[in-house]
Amino acid sequence: MSEEDGQSEPRRAKMSSKEGKPKFKDPLMNVADDSDDGELESLDLDASGKSDLSVSRSSSLIANLSGYDDDDGNSHDMMIVVDDPEKHSGTMESYVTFRITLKTTRSEFDTSEYQVRRRYNDFLWLRQRLEETYLTHLVPPLPEKHTLRRLDRFSPEFLRVRGIALQKFLTRLADHPVLSFDKDFHVFLTAKAWEFQAHKKQATGILGRVSDSIHNLGASYMMKNRIPEFTIMHEYIQAFGEKLGSIDRITQRIVKEEGEFHADLQEWGPIYTLWANSEDLLVNALLTMSKAVETSSLALKELIDATDDHFSQPLKEYILYAESIKAVLRRRDAIQSEYEMTLDELNKRKDEREQLKISDQTYSLGAFLGKDPDEVKQQKQDKLEQQITDLTTKVENLNDKSVVADSDLRADMERWHKNKHKDMRELFVEMADRNVKYYEKCLKNWEDAIRAIQCRDLPTDTCDMKEESKNNKDDVSIKHTESTETDKSESDLS
């Protein structure tokens with residue numbers, strides 16, 4: 001009895017040992033233990049903007065942060081470049097392929113360099129295969145197939161942004177300690193076109209993927225006791241995705257308003273040029289204003305484009321990352337739910353076996369059919385013993401699978417958390433740096449315009465005298481400063 005009860009929860013020690021491992025740190029919910037000093041620092045999206053960086057008006061934020069490096073020191077033995085988009089037109093459809101160049105030092109590859117061409121659907125196939133093979137590993141997201149900017153999908157701008165996103169996807173896979181060794185990933189990077197198409201036909205059908213999705217979705221509701229660590233993780237990802245979604249919506253609204261302002265500037269500048277044709281005495285001032293408006297308009301257009309390419313797109317990637325993590329958590333819940341249901345079934349069969357030991361089979365259906373009651377009881381016992389044995393083996397396998405799944409997800413989330421911290425830091429710093437440079441450029445532009453208008457309204461000799469007077473004042477100030485420093489040094493020596 002005691003031996004059988006000991007098997008009712010096989011390898012429970014493995015499950016309890018997980019509680020001793022470091023928990024996932026939740027920066028948004030503020031529930032992490034203060035004793036976890038070894039955990040990675042997280043970006044607190046609710047924290048007020050505090051910085052110990054002293055940034056001058058003319059300096060670059062990126063330059064001041066050049067000493068900051070979050071790289072974990074891993075050697076990159078797979079270098080991937082995605083470039084050279086090429087349009088293919090057919091009778092049924094038109095599509096674009098990208099050239100993928102792989103340079104590697106890994107021994108499992110026959111050569112050190114490969115070049116292949118793949119289209120977006122091939123990238124989509126690769127990601128689906130990786131998700132099917134590695135249920136609880138975090139597969140990086142792909143860029144969305146269509147963009148909200150209504151760009152032509154064959155336009156150079158769209159293809160440039162798409163190529164950058166696809167390269168980031170492959171680079172993240174190449175840096176992953178497990179996914180980078182996947183067979184499908186290697187075939188994607190090295191196989192010729194006809195070999196790759198033949199390999200793709202071995203993929204799972206769409207009906208199988210839909211069935212798995214429905215099963216995973218229902219598992220979260222059927223599960224009894226989710227491990228608190230993963231409950232915290234789910235709450236964090238939910239809050240993280242919502243905050244990024246709010247930032248993205250506000251960013252799009254700001255970009256829209258900046259676009260309207262840019263359109264106004266484009267209409268505003270030519271007015272001064274036309275006005276100058278009828279005002280002889282204001283020609284120089286009006287043309288200066290027109291040039292200043294045009295320069296400000298160009299600077300604003302650069303800011304809008306840079307915001308979309310280097311802020312909005314990476315932000316959308318992490319929004320998609322949040323959805324990918326939710327999908328992984330659902331698959332992880334499905335594994336735990338299956339384990340719990342199998343364990344419940346095992347305990348139910350054991351209870352039936354105990355009830356059978358004290359039951360009387362005289363009035364059972366088998367006895368009514370002429371069988372010996374003891375023989376009927378023995379047959380039921382044998383059947384239950386076989387079921388218990390099979391269920392015990394299944395519970396052990398599912399428990400092992402659950403332990404491995406939790407470990408894989410925990411490791412991937414720690415890696416993602418570190419990359420997210422580094423990416424978000426760079427994202428916000430570059431955004432601030434772009435705005436600083438934009439306003440500095442506009443300020444200098446309008447200051448130059450003021451000086452130009454003032455000089456042109458005065459006689460040339462007067463303007464030159466003002467410039468010379470200004471330079472003389474600067475020289476006197478410098479000499480006075482040097483004299484003061486010399487006197488101070490002599491005083492110190494005495």
# chains A, B, ... in the order shown; residues from 1 in each chain; ligands from 1

$ residues_around --residues "His137 (chain A)" --least-positions-apart "2" --cutoff "9 Å" --atoms "only C-alpha atoms" --output "mmCIF file with N, CA and C atoms, in the first residue's frame"
data_model
loop_
_atom_site.group_PDB
_atom_site.id
_atom_site.type_symbol
_atom_site.label_atom_id
_atom_site.label_comp_id
_atom_site.auth_asym_id
_atom_site.auth_seq_id
_atom_site.Cartn_x
_atom_site.Cartn_y
_atom_site.Cartn_z
ATOM 1 N N LEU A 130 9.681 25.688 -36.106
ATOM 2 C CA LEU A 130 10.390 25.806 -34.838
ATOM 3 C C LEU A 130 9.406 25.800 -33.670
ATOM 4 N N GLU A 131 8.263 26.447 -33.821
ATOM 5 C CA GLU A 131 7.257 26.432 -32.757
ATOM 6 C C GLU A 131 6.706 25.028 -32.527
ATOM 7 N N TYR A 134 9.801 22.964 -30.867
ATOM 8 C CA TYR A 134 10.233 23.416 -29.537
ATOM 9 C C TYR A 134 9.068 24.177 -28.896
ATOM 10 N N LEU A 135 8.199 23.412 -28.226
ATOM 11 C CA LEU A 135 6.945 23.969 -27.740
ATOM 12 C C LEU A 135 7.142 25.054 -26.700
ATOM 13 N N VAL A 139 10.453 31.398 -29.641
ATOM 14 C CA VAL A 139 10.872 31.652 -31.023
ATOM 15 C C VAL A 139 10.632 33.127 -31.326
ATOM 16 N N VAL A 178 19.818 26.736 -28.543
ATOM 17 C CA VAL A 178 19.121 25.510 -28.962
ATOM 18 C C VAL A 178 18.600 25.630 -30.389
ATOM 19 N N LEU A 179 17.875 26.701 -30.683
ATOM 20 C CA LEU A 179 17.257 26.856 -31.998
ATOM 21 C C LEU A 179 18.286 26.945 -33.110
ATOM 22 N N VAL A 328 3.643 30.705 -25.857
ATOM 23 C CA VAL A 328 4.504 29.721 -25.204
ATOM 24 C C VAL A 328 3.957 29.361 -23.827
ATOM 25 N N ALA A 405 10.092 21.434 -19.816
ATOM 26 C CA ALA A 405 9.418 22.594 -20.398
ATOM 27 C C ALA A 405 9.589 23.822 -19.527
ATOM 28 N N ASP A 408 13.207 25.051 -19.840
ATOM 29 C CA ASP A 408 13.459 25.720 -21.126
ATOM 30 C C ASP A 408 12.849 27.114 -21.149
ATOM 31 N N LEU A 409 11.613 27.209 -20.708
ATOM 32 C CA LEU A 409 10.935 28.510 -20.713
ATOM 33 C C LEU A 409 11.613 29.489 -19.766
ATOM 34 N N ALA A 411 14.773 29.551 -18.846
ATOM 35 C CA ALA A 411 16.049 29.987 -19.413
ATOM 36 C C ALA A 411 15.841 30.985 -20.550
ATOM 37 N N ASP A 412 14.860 30.715 -21.411
ATOM 38 C CA ASP A 412 14.598 31.626 -22.525
ATOM 39 C C ASP A 412 14.078 32.971 -22.034
ATOM 40 N N MET A 413 13.266 32.972 -20.987
ATOM 41 C CA MET A 413 12.746 34.228 -20.470
ATOM 42 C C MET A 413 13.854 35.064 -19.825
#

$ residues_around --residues "Leu298 (chain A)" --least-positions-apart "6" --cutoff "12 Å" --atoms "only C-alpha atoms" --output "list of chain:residue names"
A:Gly259, A:Phe261, A:His262, A:Ala263, A:Leu265, A:Gln266, A:Gly269, A:Lys291, A:Ala292, A:Ile304, A:Asp305, A:Tyr438, A:Lys441, A:Cys442, A:Asn445

$ write_last_selection --atoms "C-alpha atoms" --output "compact mmCIF listing (two decimals), in the first residue's frame"
# COMPACT_ATOMS: atom_id res chain seq x y z
CA GLY A 259 3.38 64.78 -40.66
CA PHE A 261 3.08 70.02 -39.49
CA HIS A 262 5.53 68.97 -42.21
CA ALA A 263 2.83 69.42 -44.83
CA LEU A 265 5.83 73.79 -43.66
CA GLN A 266 5.95 72.68 -47.27
CA GLY A 269 7.95 78.11 -47.38
CA LYS A 291 15.22 78.85 -46.84
CA ALA A 292 14.87 78.50 -43.05
CA ILE A 304 9.62 61.29 -38.89
CA ASP A 305 11.35 58.65 -41.03
CA TYR A 438 16.53 67.78 -34.45
CA LYS A 441 19.44 71.77 -35.94
CA CYS A 442 16.24 73.81 -36.02
CA ASN A 445 18.81 77.20 -38.50

$ residues_around --residues "Leu384 (chain A)" --least-positions-apart "2" --cutoff "12 Å" --atoms "only C-alpha atoms" --output "MDAnalysis selection string"
chainID A and resid 345:357 377:382 386:392

$ closest_residue --among "A:Phe98, A:Trp268, A:Phe230, A:Phe154" --to "Leu189 (chain A)" --atoms "only C-alpha atoms"
A:Phe98

$ closest_residue --among "A:Ser297, A:Ser246, A:Thr307, A:Thr231" --to "Leu329 (chain A)" --atoms "only C-alpha atoms"
A:Thr231

$ closest_residue --among "A:Leu102, A:Glu242, A:Gln128, A:Leu142" --to "Ile164 (chain A)" --atoms "only C-alpha atoms"
A:Leu142

$ select_by_dssp --residues "region 113-163 of chain A" --states "helix (DSSP H, G or I)" --output "ChimeraX atom specification"
/A:120-133,156-163

$ residues_around --residues "region 83-91 of chain A" --least-positions-apart "4" --cutoff "12 Å" --atoms "only C-alpha atoms" --output "PyMOL selection string"
chain A and resi 95-102+115-120+153-168

$ write_last_selection --atoms "C-alpha atoms" --output "PDB file, in the first residue's frame"
ATOM      1  CA  TYR A  95       6.617  38.222 -54.768  1.00  0.00           C
ATOM      2  CA  VAL A  96       9.990  39.338 -53.439  1.00  0.00           C
ATOM      3  CA  THR A  97      12.939  37.196 -52.423  1.00  0.00           C
ATOM      4  CA  PHE A  98      15.841  38.267 -50.224  1.00  0.00           C
ATOM      5  CA  ARG A  99      19.422  37.114 -50.480  1.00  0.00           C
ATOM      6  CA  ILE A 100      20.620  35.414 -47.285  1.00  0.00           C
ATOM      7  CA  THR A 101      24.367  35.163 -46.737  1.00  0.00           C
ATOM      8  CA  LEU A 102      25.660  32.881 -43.988  1.00  0.00           C
ATOM      9  CA  GLN A 115      24.106  32.153 -50.204  1.00  0.00           C
ATOM     10  CA  VAL A 116      20.421  31.390 -50.793  1.00  0.00           C
ATOM     11  CA  ARG A 117      17.287  33.332 -51.695  1.00  0.00           C
ATOM     12  CA  ARG A 118      14.096  33.080 -49.633  1.00  0.00           C
ATOM     13  CA  ARG A 119      10.707  34.808 -49.678  1.00  0.00           C
ATOM     14  CA  TYR A 120       8.601  35.905 -46.713  1.00  0.00           C
ATOM     15  CA  ARG A 153       5.052  46.158 -50.678  1.00  0.00           C
ATOM     16  CA  PHE A 154       7.435  46.424 -53.625  1.00  0.00           C
ATOM     17  CA  SER A 155       8.648  49.938 -52.790  1.00  0.00           C
ATOM     18  CA  PRO A 156      12.343  50.334 -51.873  1.00  0.00           C
ATOM     19  CA  GLU A 157      11.473  51.825 -48.471  1.00  0.00           C
ATOM     20  CA  PHE A 158       9.201  48.941 -47.509  1.00  0.00           C
ATOM     21  CA  LEU A 159      11.708  46.337 -48.686  1.00  0.00           C
ATOM     22  CA  ARG A 160      14.533  48.034 -46.798  1.00  0.00           C
ATOM     23  CA  VAL A 161      12.579  47.965 -43.524  1.00  0.00           C
ATOM     24  CA  ARG A 162      11.408  44.405 -44.175  1.00  0.00           C
ATOM     25  CA  GLY A 163      14.974  43.233 -44.854  1.00  0.00           C
ATOM     26  CA  ILE A 164      16.227  44.722 -41.580  1.00  0.00           C
ATOM     27  CA  ALA A 165      13.469  42.963 -39.627  1.00  0.00           C
ATOM     28  CA  LEU A 166      14.104  39.611 -41.322  1.00  0.00           C
ATOM     29  CA  GLN A 167      17.815  39.853 -40.622  1.00  0.00           C
ATOM     30  CA  LYS A 168      17.103  40.552 -36.955  1.00  0.00           C
TER      31      LYS A 168
END

$ atom_distance --atom1 "CA of Arg332 (chain A)" --atom2 "CA of Thr136 (chain A)"
6.1 Å

$ closest_residue --among "A:Asp182, A:Glu430, A:Glu323, A:Asp372" --to "Ala239 (chain A)" --atoms "only C-alpha atoms"
A:Glu323
